[in-house]
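Peer 1: Below is one structure. I have some questions about it.
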Amino acid sequence: MERPHRYPLIFNPRARSQKGERMLRFLMSRANHFALFATNHAGEARDLAARFAAEGEPVVIAAGGDGTLNEVVSGLAGSRTILGVMPAGTMNVFAREMGIPHSSLERAFEVIEQGFVKDVDLFEANGSPFVQMAGVGFDAQVIEQTTWESKKLLGPLAYLFAAVRVLGEKPPRIEVVCADGRREVGVAVLTGNGTFYGGPFKFFRNASNHDSKLDVLIYKEAGYRLVLDSLRGLATGGIDLLASTSYLQTEEFTVHADCEVPVEVDGELLGRFSKIHFVESPHRLRVLAPEAAMIGGIAGTMQSMLHWPWRAAEAPTAKRT
């Protein structure tokens, strides 16, 4: 009798948050559906995903937060293997973008079982793949100063406390140079392949993850002005509408800084660099997702209650395989 095929599922067994513990209980209750692979060190999720892709596995599941997801995406980049997502992290930004239920593992697994595939753009920062967002300067420094222990204890509030510490520091001078010659100068840069950033917040209201472009937000002001303008922009319809920011779309750009600055991709610290090159990967990422993404969480609730003039995310094109 032939054994049923199980999904290779990569997870971090050291995740000890409430969400992480809930994920482990769920996996044990559905263990007959998965071949479980627990990671032991940084980079192992990427290596495992790359191995499964080379072996021709049709689907590989990333179970956990943005760190595990980014490593699995890096391992699958350039392959035909499809990504399944079981969100159990602090922010779960990519899951929100794709309309994958981020508060119910049962419903997220149903999406995987339904088998609907969407192709999304994949980009690189200095050669490192990312699928949702990246940041240079302020937000990456906040991530750099947010410890695993504080995230376990405080959840998303851990980033707020780190942000307060960073706000008082002198910002770098950053120049953004697009492939078509456009230039902008500022103190921090955020770029999005999708609309969401930092959880349920639509920072890039014109973004699409199937248009081969990144949306780039350049902040001109540092300190508390940066935070207050972000909040004001979200409340009034778009951060790109503020005089203290510049907003552009481009297929490729390079960031030059006057010192080595922290860089993050998909919410994970990449390192410190004085030059960062952003470009589209030659390959797209195949993802299991609902046929129609729905607005949910804090963003959807606030939008419906307050009628904020945010533009709904355009549903990515999809093909069944």
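Labeling convention for the structure tokens: chains A, B, ... as they appear, residues from 1 per chain, ligands from 1 in order of appearance.
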When you look at A:Gly64 with a cut-off of 10 Å (counting only C-alpha atoms), what residues show up, excluding the ones that are within fewer than 5 positions of it in the same chain? I need them as a ChimeraX atom specification.
Peer 2: /A:10-13,15,19-20,23-24,69,85-90,92
Peer 1: Put those residues in a file: C-alpha atoms, as a PDB file, in the first residue's frame.
Peer 2:
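Generated output (out_14.pdb):
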ATOM      1  CA  ILE A  10       9.672  23.833   8.006  1.00  0.00           C
ATOM      2  CA  PHE A  11       9.318  25.422  11.433  1.00  0.00           C
ATOM      3  CA  ASN A  12      11.352  26.890  14.254  1.00  0.00           C
ATOM      4  CA  PRO A  13      10.845  24.745  17.387  1.00  0.00           C
ATOM      5  CA  ALA A  15       9.312  29.767  18.974  1.00  0.00           C
ATOM      6  CA  LYS A  19       1.309  31.924  18.702  1.00  0.00           C
ATOM      7  CA  GLY A  20       4.341  29.654  18.415  1.00  0.00           C
ATOM      8  CA  MET A  23       1.264  26.395  16.116  1.00  0.00           C
ATOM      9  CA  LEU A  24       3.129  23.459  17.662  1.00  0.00           C
ATOM     10  CA  LEU A  69       9.141  32.717   5.811  1.00  0.00           C
ATOM     11  CA  VAL A  85       2.188  29.625   4.482  1.00  0.00           C
ATOM     12  CA  MET A  86       1.126  28.784   8.038  1.00  0.00           C
ATOM     13  CA  PRO A  87       1.415  32.195   9.775  1.00  0.00           C
ATOM     14  CA  ALA A  88       2.387  32.110  13.451  1.00  0.00           C
ATOM     15  CA  GLY A  89       4.574  35.191  13.879  1.00  0.00           C
ATOM     16  CA  THR A  90       4.225  38.660  15.380  1.00  0.00           C
ATOM     17  CA  ASN A  92       2.570  38.013   9.438  1.00  0.00           C
TER      18      ASN A  92
END
Peer 1: Write out as a PDB file with N, CA and C atoms, in the first residue's frame which residues come within 10 Å of A:His5 when counting only C-alpha atoms, dropping same-chain ones fewer than 3 positions away.
Peer 2:
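out.pdb was written with the following content:
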ATOM      1  N   GLU A   2       0.601   2.141  -0.925  1.00  0.00           N
ATOM      2  CA  GLU A   2       1.408   3.348  -1.064  1.00  0.00           C
ATOM      3  C   GLU A   2       1.098   4.346   0.051  1.00  0.00           C
ATOM      4  N   PRO A   8       6.225  18.724   3.087  1.00  0.00           N
ATOM      5  CA  PRO A   8       7.384  19.130   3.887  1.00  0.00           C
ATOM      6  C   PRO A   8       7.072  20.465   4.576  1.00  0.00           C
ATOM      7  N   ASN A  32      -0.169  13.798  10.693  1.00  0.00           N
ATOM      8  CA  ASN A  32      -0.238  12.852   9.576  1.00  0.00           C
ATOM      9  C   ASN A  32      -0.284  13.547   8.217  1.00  0.00           C
ATOM     10  N   HIS A  33      -0.465  14.889   8.210  1.00  0.00           N
ATOM     11  CA  HIS A  33      -0.479  15.642   6.949  1.00  0.00           C
ATOM     12  C   HIS A  33       0.913  16.164   6.564  1.00  0.00           C
ATOM     13  N   PHE A  34       1.857  16.166   7.514  1.00  0.00           N
ATOM     14  CA  PHE A  34       3.128  16.852   7.300  1.00  0.00           C
ATOM     15  C   PHE A  34       4.327  15.931   7.522  1.00  0.00           C
ATOM     16  N   ALA A  35       5.404  16.263   6.825  1.00  0.00           N
ATOM     17  CA  ALA A  35       6.731  15.775   7.182  1.00  0.00           C
ATOM     18  C   ALA A  35       7.430  16.955   7.855  1.00  0.00           C
TER      19      ALA A  35
END
Peer 1: At a cut-off of 12 Å, can you tabulate as CSV every residue of stretch 71-178 of chain A near stretch 58-63 of chain A together with its closest atom pair and the distance in Å to one decimal, using only C-alpha atoms and ordering rows by chain then number?
Peer 2:
residue,atom,partner,partner_atom,distance
A:Glu71,CA,A:Ala62,CA,8.9
A:Val72,CA,A:Ala62,CA,6.4
A:Val73,CA,A:Ala62,CA,8.6
A:Ser74,CA,A:Ala62,CA,11.5
A:Gly75,CA,A:Val60,CA,10.2
A:Leu76,CA,A:Val60,CA,8.6
A:Ser79,CA,A:Pro58,CA,9.9
A:Arg80,CA,A:Pro58,CA,7.5
A:Thr81,CA,A:Pro58,CA,4.9
A:Ile82,CA,A:Val59,CA,4.6
A:Leu83,CA,A:Val60,CA,5.3
A:Gly84,CA,A:Ile61,CA,4.3
A:Val85,CA,A:Ala62,CA,5.2
A:Met86,CA,A:Ala63,CA,4.5
A:Pro87,CA,A:Ala63,CA,6.0
A:Ala88,CA,A:Ala63,CA,6.6
A:Gly89,CA,A:Ala63,CA,8.8
A:Asn92,CA,A:Ala63,CA,10.7
A:Phe94,CA,A:Ala62,CA,11.8
A:Ala95,CA,A:Ala62,CA,11.0
A:His102,CA,A:Ala63,CA,11.3
A:Leu105,CA,A:Ala63,CA,9.6
A:Ala108,CA,A:Ala63,CA,10.4
A:Phe109,CA,A:Ile61,CA,9.8
A:Val111,CA,A:Ile61,CA,11.7
A:Ile112,CA,A:Ile61,CA,8.7
A:Glu113,CA,A:Val59,CA,10.7
A:Gly115,CA,A:Val59,CA,9.7
A:Phe116,CA,A:Val59,CA,11.8
A:Val117,CA,A:Val59,CA,10.6
Peer 1: For C-alpha atoms, I'd like the residues from the last selection saved as a PDB file, in the first residue's frame.
Peer 2:
ATOM      1  CA  GLU A  71      14.436  31.940   4.663  1.00  0.00           C
ATOM      2  CA  VAL A  72      12.054  29.528   2.937  1.00  0.00           C
ATOM      3  CA  VAL A  73      11.374  32.088   0.195  1.00  0.00           C
ATOM      4  CA  SER A  74      15.140  32.439  -0.309  1.00  0.00           C
ATOM      5  CA  GLY A  75      15.468  28.662  -0.648  1.00  0.00           C
ATOM      6  CA  LEU A  76      12.613  28.374  -3.142  1.00  0.00           C
ATOM      7  CA  SER A  79      12.310  26.988  -8.514  1.00  0.00           C
ATOM      8  CA  ARG A  80       8.843  25.804  -9.504  1.00  0.00           C
ATOM      9  CA  THR A  81       8.084  24.581  -5.979  1.00  0.00           C
ATOM     10  CA  ILE A  82       5.014  26.256  -4.494  1.00  0.00           C
ATOM     11  CA  LEU A  83       5.106  28.025  -1.135  1.00  0.00           C
ATOM     12  CA  GLY A  84       2.486  27.267   1.507  1.00  0.00           C
ATOM     13  CA  VAL A  85       2.188  29.625   4.482  1.00  0.00           C
ATOM     14  CA  MET A  86       1.126  28.784   8.038  1.00  0.00           C
ATOM     15  CA  PRO A  87       1.415  32.195   9.775  1.00  0.00           C
ATOM     16  CA  ALA A  88       2.387  32.110  13.451  1.00  0.00           C
ATOM     17  CA  GLY A  89       4.574  35.191  13.879  1.00  0.00           C
ATOM     18  CA  ASN A  92       2.570  38.013   9.438  1.00  0.00           C
ATOM     19  CA  PHE A  94       2.930  38.585   3.750  1.00  0.00           C
ATOM     20  CA  ALA A  95       0.057  36.376   4.900  1.00  0.00           C
ATOM     21  CA  HIS A 102      -3.351  34.900   9.989  1.00  0.00           C
ATOM     22  CA  LEU A 105      -4.127  27.941  11.516  1.00  0.00           C
ATOM     23  CA  ALA A 108      -4.701  28.775   6.738  1.00  0.00           C
ATOM     24  CA  PHE A 109      -4.294  25.031   6.219  1.00  0.00           C
ATOM     25  CA  VAL A 111      -6.068  27.460   1.883  1.00  0.00           C
ATOM     26  CA  ILE A 112      -3.150  25.084   1.323  1.00  0.00           C
ATOM     27  CA  GLU A 113      -5.463  22.128   0.792  1.00  0.00           C
ATOM     28  CA  GLY A 115      -4.481  24.318  -3.953  1.00  0.00           C
ATOM     29  CA  PHE A 116      -5.064  27.680  -5.632  1.00  0.00           C
ATOM     30  CA  VAL A 117      -1.762  29.167  -6.823  1.00  0.00           C
TER      31      VAL A 117
END
Peer 1: Enumerate the residues of stretch 35-141 of chain A with a DSSP assignment of strand (DSSP E or B), computed from the backbone, and present them as an MDAnalysis selection string.
Peer 2: chainID A and resid 35:38 59:64 82:87 117:120 123:125 128:130 133:136
Peer 1: Write out, as a PDB file, in the first residue's frame, the residues just selected, with C-alpha atoms.
Peer 2:
ATOM      1  CA  ALA A  35       6.731  15.775   7.182  1.00  0.00           C
ATOM      2  CA  LEU A  36       8.035  18.037   9.949  1.00  0.00           C
ATOM      3  CA  PHE A  37      11.479  19.623   9.768  1.00  0.00           C
ATOM      4  CA  ALA A  38      12.550  21.612  12.826  1.00  0.00           C
ATOM      5  CA  VAL A  59       4.825  22.261  -2.199  1.00  0.00           C
ATOM      6  CA  VAL A  60       6.892  23.369   0.790  1.00  0.00           C
ATOM      7  CA  ILE A  61       5.217  24.951   3.832  1.00  0.00           C
ATOM      8  CA  ALA A  62       6.776  27.681   5.983  1.00  0.00           C
ATOM      9  CA  ALA A  63       5.238  27.620   9.464  1.00  0.00           C
ATOM     10  CA  GLY A  64       6.123  30.512  11.736  1.00  0.00           C
ATOM     11  CA  ILE A  82       5.014  26.256  -4.494  1.00  0.00           C
ATOM     12  CA  LEU A  83       5.106  28.025  -1.135  1.00  0.00           C
ATOM     13  CA  GLY A  84       2.486  27.267   1.507  1.00  0.00           C
ATOM     14  CA  VAL A  85       2.188  29.625   4.482  1.00  0.00           C
ATOM     15  CA  MET A  86       1.126  28.784   8.038  1.00  0.00           C
ATOM     16  CA  PRO A  87       1.415  32.195   9.775  1.00  0.00           C
ATOM     17  CA  VAL A 117      -1.762  29.167  -6.823  1.00  0.00           C
ATOM     18  CA  LYS A 118      -0.823  32.801  -7.350  1.00  0.00           C
ATOM     19  CA  ASP A 119       2.407  33.994  -8.942  1.00  0.00           C
ATOM     20  CA  VAL A 120       3.960  37.039  -7.269  1.00  0.00           C
ATOM     21  CA  PHE A 123      12.850  41.154  -5.538  1.00  0.00           C
ATOM     22  CA  GLU A 124      16.401  41.224  -4.210  1.00  0.00           C
ATOM     23  CA  ALA A 125      18.329  43.572  -1.946  1.00  0.00           C
ATOM     24  CA  SER A 128      19.026  38.598  -0.916  1.00  0.00           C
ATOM     25  CA  PRO A 129      15.451  37.743  -1.990  1.00  0.00           C
ATOM     26  CA  PHE A 130      12.390  39.344  -0.418  1.00  0.00           C
ATOM     27  CA  MET A 133       8.933  44.762   1.900  1.00  0.00           C
ATOM     28  CA  ALA A 134      12.335  46.140   2.791  1.00  0.00           C
ATOM     29  CA  GLY A 135      13.643  49.111   4.727  1.00  0.00           C
ATOM     30  CA  VAL A 136      16.823  51.155   4.968  1.00  0.00           C
TER      31      VAL A 136
END
Peer 1: Report the residues of stretch 57-128 of chain A whose backbone DSSP state falls under alpha helix (DSSP H), written as a ChimeraX atom specification.
Peer 2: /A:66-76,93-98,105-114
Peer 1: List as a PDB file with C-alpha atoms, in the first residue's frame the protein and nucleic acid residues near A:Asn193, meaning an atom at most 9 Å away when only C-alpha atoms are counted, but skip any in the same chain fewer than 3 places from it.
Peer 2:
ATOM      1  CA  ASP A 121       6.966  39.210  -7.999  1.00  0.00           C
ATOM      2  CA  LEU A 122      10.183  38.502  -6.141  1.00  0.00           C
ATOM      3  CA  PHE A 123      12.850  41.154  -5.538  1.00  0.00           C
ATOM      4  CA  PHE A 130      12.390  39.344  -0.418  1.00  0.00           C
ATOM      5  CA  VAL A 131       8.731  39.111  -1.318  1.00  0.00           C
ATOM      6  CA  GLN A 132       6.896  41.795   0.679  1.00  0.00           C
ATOM      7  CA  MET A 133       8.933  44.762   1.900  1.00  0.00           C
ATOM      8  CA  ALA A 134      12.335  46.140   2.791  1.00  0.00           C
ATOM      9  CA  PHE A 196       1.059  46.189   3.704  1.00  0.00           C
ATOM     10  CA  PHE A 204       2.021  51.479  -0.190  1.00  0.00           C
ATOM     11  CA  ALA A 207       1.534  48.757  -4.845  1.00  0.00           C
ATOM     12  CA  SER A 208       0.910  45.500  -6.675  1.00  0.00           C
ATOM     13  CA  ASN A 209       2.932  42.325  -6.270  1.00  0.00           C
ATOM     14  CA  HIS A 210       2.499  41.403  -9.927  1.00  0.00           C
ATOM     15  CA  ASP A 211       3.566  44.595 -11.743  1.00  0.00           C
ATOM     16  CA  SER A 212       7.374  44.076 -11.662  1.00  0.00           C
ATOM     17  CA  LYS A 213       7.755  47.326  -9.702  1.00  0.00           C
ATOM     18  CA  LEU A 214       8.639  48.351  -6.178  1.00  0.00           C
ATOM     19  CA  ASP A 215       6.875  51.250  -4.495  1.00  0.00           C
TER      20      ASP A 215
END
Peer 1: Pick out the residues sitting within 10 Å of A:Leu226, and hand them over as a PyMOL selection string; count only C-alpha atoms, and ignore anything fewer than 6 positions along from it in its own chain.
Peer 2: chain A and resi 138+167+187-188+219-220+244-245
Peer 1: Do a neighbour search on stretch 269-285 of chain A at 7 Å with only C-alpha atoms, toss out local chain neighbours closer than 4 positions, and write the hits as a list in words.
Peer 2: Ala77, Gly78, Asp119, Val120, Asp121, Leu122, Phe123, Glu124, Ala125, Asn126, Ala140, Ile143, Glu144, Ser212, Glu251, Glu252, Phe253, Thr254, Val255, His256, Ala257, Asp258, Cys259, Glu260, Val261, Pro262, Val263, Glu264 and Val265 of chain A
Peer 1: Would you save the residues of that selection, restricted to C-alpha atoms, as a PDB file, in the first residue's frame?
Peer 2:
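Writing the result to result20.pdb gives the following:
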ATOM      1  CA  ALA A  77      13.703  31.344  -5.279  1.00  0.00           C
ATOM      2  CA  GLY A  78      14.193  30.284  -8.891  1.00  0.00           C
ATOM      3  CA  ASP A 119       2.407  33.994  -8.942  1.00  0.00           C
ATOM      4  CA  VAL A 120       3.960  37.039  -7.269  1.00  0.00           C
ATOM      5  CA  ASP A 121       6.966  39.210  -7.999  1.00  0.00           C
ATOM      6  CA  LEU A 122      10.183  38.502  -6.141  1.00  0.00           C
ATOM      7  CA  PHE A 123      12.850  41.154  -5.538  1.00  0.00           C
ATOM      8  CA  GLU A 124      16.401  41.224  -4.210  1.00  0.00           C
ATOM      9  CA  ALA A 125      18.329  43.572  -1.946  1.00  0.00           C
ATOM     10  CA  ASN A 126      22.067  43.135  -2.507  1.00  0.00           C
ATOM     11  CA  ALA A 140      15.714  48.395  10.120  1.00  0.00           C
ATOM     12  CA  ILE A 143      14.354  45.734  14.153  1.00  0.00           C
ATOM     13  CA  GLU A 144      18.056  45.634  14.963  1.00  0.00           C
ATOM     14  CA  SER A 212       7.374  44.076 -11.662  1.00  0.00           C
ATOM     15  CA  GLU A 251      11.771  48.424 -11.370  1.00  0.00           C
ATOM     16  CA  GLU A 252      15.240  48.988  -9.936  1.00  0.00           C
ATOM     17  CA  PHE A 253      17.024  51.449  -7.654  1.00  0.00           C
ATOM     18  CA  THR A 254      20.119  51.880  -5.492  1.00  0.00           C
ATOM     19  CA  VAL A 255      20.394  53.483  -2.068  1.00  0.00           C
ATOM     20  CA  HIS A 256      23.590  55.331  -1.152  1.00  0.00           C
ATOM     21  CA  ALA A 257      24.142  56.254   2.523  1.00  0.00           C
ATOM     22  CA  ASP A 258      26.816  58.418   4.123  1.00  0.00           C
ATOM     23  CA  CYS A 259      27.568  55.592   6.575  1.00  0.00           C
ATOM     24  CA  GLU A 260      26.760  51.932   7.014  1.00  0.00           C
ATOM     25  CA  VAL A 261      23.047  51.721   7.846  1.00  0.00           C
ATOM     26  CA  PRO A 262      20.894  48.756   8.857  1.00  0.00           C
ATOM     27  CA  VAL A 263      18.782  47.095   6.155  1.00  0.00           C
ATOM     28  CA  GLU A 264      15.834  44.750   6.642  1.00  0.00           C
ATOM     29  CA  VAL A 265      14.032  42.481   4.203  1.00  0.00           C
TER      30      VAL A 265
END
Peer 1: Under the rule that only C-alpha atoms are counted, which of A:Thr195, A:Thr250, A:Ala53, A:Leu288 is the nearest residue to A:Ala179?
Peer 2: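 Nearest to A:Ala179: A:Thr250.
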Peer 1: What does the structure give for the distance between atom CA of A:Gly186 and atom CA of A:Glu221, in Å to one decimal?
Peer 2: 7.2 Å
Peer 1: To one decimal place in Å, what is the distance between atom CA of A:Val227 and atom CA of A:Gln18?
Peer 2: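 So the answer is 28.7 Å.
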